[in-house]
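S.K.: Sharing target_25.cif, mmCIF, C-alpha atoms:
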data_data
#
loop_
_atom_site.label_atom_id
_atom_site.label_comp_id
_atom_site.auth_asym_id
_atom_site.auth_seq_id
_atom_site.Cartn_x
_atom_site.Cartn_y
_atom_site.Cartn_z
CA MET A 1 96.36 137.72 111.81
CA ASN A 2 96.54 134.50 113.80
CA PRO A 3 100.06 132.98 114.19
CA PRO A 4 100.96 129.41 113.20
CA CYS A 5 101.54 126.63 115.76
CA ALA A 6 105.16 125.90 116.61
CA ARG A 7 104.45 122.16 116.37
CA CYS A 8 102.04 121.56 113.46
CA LYS A 9 102.55 124.91 111.68
CA LYS A 10 98.77 125.37 111.34
CA THR A 11 96.95 128.54 112.32
CA VAL A 12 96.24 128.93 116.00
CA TYR A 13 92.94 130.53 116.87
CA PRO A 14 92.38 132.38 120.14
CA THR A 15 90.18 129.68 121.69
CA GLU A 16 92.91 127.02 121.44
CA LYS A 17 95.95 129.30 121.75
CA LEU A 18 98.75 128.65 124.28
CA SER A 19 101.74 131.02 124.43
CA CYS A 20 104.92 129.64 126.01
CA LEU A 21 108.69 129.65 125.42
CA ASP A 22 108.29 132.67 123.12
CA LYS A 23 106.13 130.58 120.75
CA THR A 24 102.49 129.93 120.04
CA TRP A 25 101.03 126.41 120.33
CA HIS A 26 97.79 124.56 120.00
CA LYS A 27 96.93 123.24 123.43
CA GLY A 28 96.97 119.74 121.99
CA CYS A 29 100.35 120.31 120.28
CA PHE A 30 102.09 121.40 123.48
CA THR A 31 103.78 118.02 124.04
CA CYS A 32 107.19 116.66 125.11
CA GLU A 33 109.82 116.74 122.38
CA THR A 34 110.97 113.23 123.30
CA CYS A 35 107.92 111.15 124.31
CA ASN A 36 105.13 113.36 122.89
CA MET A 37 103.36 113.41 126.26
CA LYS A 38 100.80 116.20 126.53
CA LEU A 39 102.04 119.01 128.77
CA THR A 40 100.49 121.91 130.62
CA MET A 41 101.83 125.15 131.98
CA LYS A 42 102.30 123.45 135.35
CA ASN A 43 104.32 120.34 134.42
CA TYR A 44 106.47 121.33 131.47
CA LYS A 45 110.21 122.12 131.52
CA GLY A 46 111.72 124.30 128.83
CA TYR A 47 115.10 123.73 127.24
CA ASN A 48 116.32 125.69 124.19
CA LYS A 49 112.74 127.04 123.87
CA LEU A 50 111.32 123.51 123.51
CA PRO A 51 109.00 121.76 126.00
CA TYR A 52 110.02 118.56 127.81
CA CYS A 53 108.47 116.38 130.49
CA GLN A 54 110.14 115.84 133.83
CA VAL A 55 111.63 112.50 132.77
CA HIS A 56 113.12 113.57 129.45
CA TYR A 57 114.29 117.05 130.44
CA PRO A 58 117.94 117.35 129.28
CA THR A 59 120.30 117.70 132.22
CA THR A 60 123.93 118.80 132.18
CA LYS A 61 126.13 116.01 133.44
CA PHE A 62 129.82 116.26 134.10
CA THR A 63 132.30 113.88 132.54
CA ALA A 64 134.22 111.77 135.00
CA VAL A 65 137.99 112.06 134.53
CA ALA A 66 140.20 109.15 135.45
CA ASP A 67 142.41 109.76 138.48
CA THR A 68 145.81 109.16 136.89
CA PRO A 69 149.27 110.24 138.16
CA GLU A 70 149.48 112.83 135.38
CA ASN A 71 146.09 114.33 136.29
CA ARG A 72 147.09 114.42 139.95
CA ARG A 73 150.35 116.18 139.03
CA LEU A 74 148.49 118.80 136.95
CA ALA A 75 146.00 119.39 139.76
CA LYS A 76 148.82 119.80 142.25
CA ASN A 77 150.65 122.28 140.01
CA THR A 78 147.47 124.32 139.59
CA GLN A 79 146.97 124.39 143.34
CA GLN A 80 150.57 125.44 143.98
CA GLN A 81 150.22 128.31 141.53
CA SER A 82 147.23 129.65 143.42
CA ASN A 83 147.93 132.94 145.15
CA ILE A 84 146.30 131.70 148.35
CA VAL A 85 148.51 128.65 148.62
CA TYR A 86 151.55 130.72 147.71
CA HIS A 87 150.82 133.24 150.44
CA LYS A 88 150.25 130.45 152.97
CA ASP A 89 153.55 128.79 152.11
CA PHE A 90 155.34 132.15 152.22
CA GLU A 91 154.08 132.86 155.71
CA SER A 92 154.93 129.37 156.98
CA GLU A 93 158.47 129.50 155.54
CA ARG A 94 159.26 133.03 156.73
CA GLY A 95 162.35 133.14 158.94
CA LYS A 96 163.57 129.68 157.91
CA TYR A 97 166.75 128.96 156.01
CA THR A 98 168.17 126.01 154.16
CA VAL A 99 171.28 124.46 155.68
CA VAL A 100 173.92 123.92 153.00
CA GLU A 101 176.28 121.05 153.58
CA GLU A 102 179.86 122.24 154.06
CA ASP A 103 182.28 120.76 151.53
CA PRO A 104 185.76 121.76 150.32
CA GLU A 105 184.45 123.65 147.28
CA ILE A 106 181.97 125.73 149.32
CA ALA A 107 184.67 126.44 151.92
CA ARG A 108 187.05 127.63 149.17
CA LEU A 109 184.44 129.94 147.63
CA LYS A 110 183.55 131.32 151.05
CA LYS A 111 187.22 132.08 151.79
CA ASN A 112 187.74 133.75 148.40
CA THR A 113 184.66 135.93 148.92
CA GLN A 114 185.90 137.02 152.33
CA GLN A 115 189.37 137.81 151.00
CA THR A 116 187.96 139.86 148.12
CA SER A 117 185.75 141.79 150.52
CA ASP A 118 188.70 142.61 152.79
CA LEU A 119 190.82 143.79 149.86
CA ALA A 120 188.07 146.10 148.57
CA TYR A 121 187.41 147.51 152.04
CA LYS A 122 191.02 148.23 152.97
CA GLY A 123 192.15 149.41 149.53
CA GLN A 124 195.17 147.14 149.38
CA PHE A 125 195.56 147.30 145.57
CA LYS A 126 198.71 149.09 144.47
CA GLN A 127 199.06 150.54 140.96
CA ASP A 128 202.83 151.00 140.99
CA ALA A 129 203.81 147.52 142.21
CA PRO A 130 202.97 143.89 141.38
CA ASP A 131 199.60 142.69 142.65
CA GLN A 132 199.90 141.73 146.28
CA PRO A 133 198.05 138.71 147.64
CA TYR A 134 195.64 138.91 150.53
CA ARG A 135 197.42 139.55 153.84
CA PRO A 136 195.80 137.94 156.88
CA GLN A 137 194.76 140.35 159.59
CA VAL A 138 196.88 140.62 162.69
CA PRO A 139 195.83 142.02 166.05
CA GLN A 140 196.22 145.78 166.35
CA GLN A 141 198.67 147.07 168.89
CA GLN A 142 197.12 148.17 172.13
CA GLN A 143 196.56 151.92 172.27
CA PRO A 144 198.12 153.89 175.16
CA PRO A 145 195.74 154.76 178.01
CA PRO A 146 194.13 158.24 178.06
CA ALA A 147 196.02 161.10 179.66
CA HIS A 148 193.62 161.32 182.62
CA VAL A 149 194.31 157.70 183.63
CA ALA A 150 197.02 157.40 186.24
CA ALA A 151 200.25 156.09 184.78
CA ALA A 152 201.57 152.78 186.07
CA PRO A 153 204.68 152.90 188.24
CA PRO A 154 207.92 152.70 186.27
CA VAL A 155 209.18 149.25 185.56
CA ALA A 156 212.80 148.35 185.73
CA ALA A 157 214.47 148.17 182.35
CA PRO A 158 214.76 144.59 181.09
CA PRO A 159 218.20 143.11 180.68
CA ALA A 160 219.94 143.59 177.37
CA ALA A 161 218.57 141.30 174.68
CA ALA A 162 220.71 138.38 173.66
CA PRO A 163 222.35 138.66 170.24
CA ALA A 164 220.19 137.44 167.36
CA PRO A 165 220.73 133.75 166.52
CA PRO A 166 222.46 132.93 163.27
CA PRO A 167 220.07 132.75 160.29
CA SER A 168 218.49 129.41 159.62
CA GLY A 169 216.63 127.93 156.68
CA PRO A 170 216.69 129.09 153.06
CA LYS A 171 217.85 132.58 152.17
CA TYR A 172 215.85 135.00 150.02
CA VAL A 173 216.74 138.19 148.15
CA ALA A 174 214.41 141.13 147.49
CA ILE A 175 213.59 141.75 143.82
CA TYR A 176 211.54 144.94 144.48
CA ASP A 177 211.56 147.77 146.99
CA TYR A 178 208.81 147.48 149.60
CA SER A 179 207.55 149.99 152.18
CA ALA A 180 205.75 148.59 155.20
CA ALA A 181 202.01 149.31 155.15
CA ASP A 182 201.41 148.29 158.77
CA ASP A 183 203.26 148.04 162.08
CA ASP A 184 203.78 144.30 161.77
CA GLU A 185 205.44 144.55 158.33
CA ILE A 186 209.04 145.33 157.41
CA SER A 187 210.52 147.58 154.73
CA PHE A 188 213.40 146.59 152.46
CA GLN A 189 215.15 147.55 149.25
CA GLU A 190 215.86 145.64 146.11
CA GLY A 191 218.85 143.34 146.68
CA ASP A 192 218.40 143.04 150.48
CA ALA A 193 218.92 139.54 151.91
CA ILE A 194 215.96 138.08 153.82
CA VAL A 195 216.68 135.28 156.33
CA ASP A 196 214.82 133.33 159.03
CA VAL A 197 211.92 133.02 156.59
CA GLU A 198 208.69 131.30 157.61
CA ARG A 199 205.77 131.07 155.21
CA ILE A 200 202.28 132.08 156.43
CA ASP A 201 200.32 131.31 153.26
CA GLU A 202 200.79 131.55 149.48
CA GLY A 203 200.98 135.33 149.57
CA TRP A 204 202.79 136.28 152.80
CA MET A 205 205.75 135.20 154.93
CA THR A 206 207.76 136.42 157.88
CA GLY A 207 211.49 137.08 157.81
CA ARG A 208 214.36 139.29 158.95
CA VAL A 209 216.26 141.83 156.81
CA GLU A 210 219.98 141.23 157.31
CA ARG A 211 220.84 144.84 156.53
CA THR A 212 218.53 146.38 159.16
CA GLY A 213 217.84 143.46 161.50
CA GLU A 214 214.09 144.18 161.35
CA HIS A 215 211.78 141.18 161.57
CA GLY A 216 208.15 141.06 160.40
CA MET A 217 205.76 140.22 157.59
CA LEU A 218 206.50 140.74 153.90
CA PRO A 219 204.79 139.83 150.59
CA ALA A 220 206.10 136.58 149.14
CA ASN A 221 206.04 137.83 145.53
CA TYR A 222 208.57 140.58 146.33
CA VAL A 223 211.39 138.13 147.06
CA GLU A 224 212.91 135.02 145.54
CA GLN A 225 214.92 132.18 147.04
CA VAL A 226 218.66 132.05 146.37
#
Could the structure of this file be written out as structure tokens, please?

M.R.:
Amino acid sequence: MNPPCARCKKTVYPTEKLSCLDKTWHKGCFTCETCNMKLTMKNYKGYNKLPYCQVHYPTTKFTAVADTPENRRLAKNTQQQSNIVYHKDFESERGKYTVVEEDPEIARLKKNTQQTSDLAYKGQFKQDAPDQPYRPQVPQQQQPPPAHVAAAPPVAAPPAAAPAPPPSGPKYVAIYDYSAADDDEISFQEGDAIVDVERIDEGWMTGRVERTGEHGMLPANYVEQV
């Protein structure tokens, strides 16, 4: 059975049959969809299984987008999110650091962090006494030389030390017992008088125990002024 023509819908006989674009046409019906110009197998262009001439062949055209600040911002964000750009920026910024301006608040936080670190490292917390403030580090006493090192010649004994000067400044009294935790600290008992006091910071001071005559560092929250 002979198929119908895709254009005129009439029967197409073999002598005038033209097969193209998955359809059957009369040779005279194979024309451009727009201008009805007669086409051949050499000059037609197919689009959606319909024939067109070269002039009226539908072409895909892009829509021009206005170059606005918002469009530029979106394009920039898309580019920044690209893995290639990210990797490039990562490599270029490797080894660099941002300088933070020093101000009183940053300095205070830095000091608190350092004090907390020192307390945790040295284990200065005491469970059986009031919380002690941070004690600034003091130089360690010089260790004696090894036994194999030749000893220095004996030095003449220094003259007898002059008697201690009379106490000056405010007088403090101990409200707790305290045992020295280091060589530069002093031990005292509750009720001992502390004189020649000089404050180091909010948590520590130096002073002399009248009962023993020892002079050194002591926690400020273990005494009170009288």

S.K.: Please report the interatomic distance between CA of Glu224 (chain A) and CA of Ile175 (chain A) in Å with one decimal.

M.R.: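 So the two atoms, CA of Glu224 (chain A) and CA of Ile175 (chain A), lie 7.0 Å apart.
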
S.K.: Please compute the CA of Ala181 (chain A)-CA of Asp196 (chain A) distance, one decimal, in Å.

M.R.: 20.8 Å

S.K.: Can you pull out the residues contacting region 44-51 of chain A? Cut-off 6 Å, using only C-alpha atoms, and skip same-chain residues under 4 positions away; I want them as a PyMOL selection string.

M.R.: chain A and resi 21+32+39

S.K.: Report, in Å to a single decimal, how far apart CA of Leu74 (chain A) and CA of Glu91 (chain A) are.

M.R.: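 Calculated distance between CA of Glu91 (chain A) and CA of Leu74 (chain A) is 24.1 Å.
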
S.K.: Could you write out as an MDAnalysis selection string the residues that the PyMOL selection byres ((chain A and resi 54) around 9) matches in the shown file?

M.R.: chainID A and resid 43:45 52:53 55:57

S.K.: With the PyMOL selection byres ((chain A and resi 195) around 6) as the selection, what would be picked from this file? Answer as a PyMOL selection string, please.

M.R.: chain A and resi 167+171+194+196-197+207-208

S.K.: Which of these, A:Gln79, A:Thr68, A:Gln114, A:Ser19, has the shortest distance to Pro4 (chain A) once you count only C-alpha atoms?

M.R.: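 Going through A:Gln79, A:Thr68, A:Gln114, A:Ser19 one by one, the smallest distance to Pro4 (chain A) is for A:Ser19.
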
S.K.: Which residues are close to Val223 (chain A), i.e. within 6 Å by all atoms listed in the file, leaving aside same-chain residues fewer than 3 positions away? Reply as a CSV table (one decimal) with C-alpha atoms, keeping the file's coordinate frame.

M.R.:
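Contents of result.csv, as written:
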chain,number,residue,atom,x,y,z
A,173,VAL,CA,216.7,138.2,148.2
A,174,ALA,CA,214.4,141.1,147.5
A,175,ILE,CA,213.6,141.8,143.8
A,220,ALA,CA,206.1,136.6,149.1

S.K.: Expanded to explicit residues, what is the PyMOL selection byres ((chain A and resi 176) around 9) for this file, as JSON, numbers by chain?

M.R.: {"A": [129, 174, 175, 177, 178, 188, 189, 190, 191, 222, 223]}

S.K.: Using only C-alpha atoms, which residue out of A:Pro170, A:Arg73, A:Glu93, A:Glu33 lies closest to Val226 (chain A)?

M.R.: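 Smallest distance to Val226 (chain A) is found for A:Pro170.
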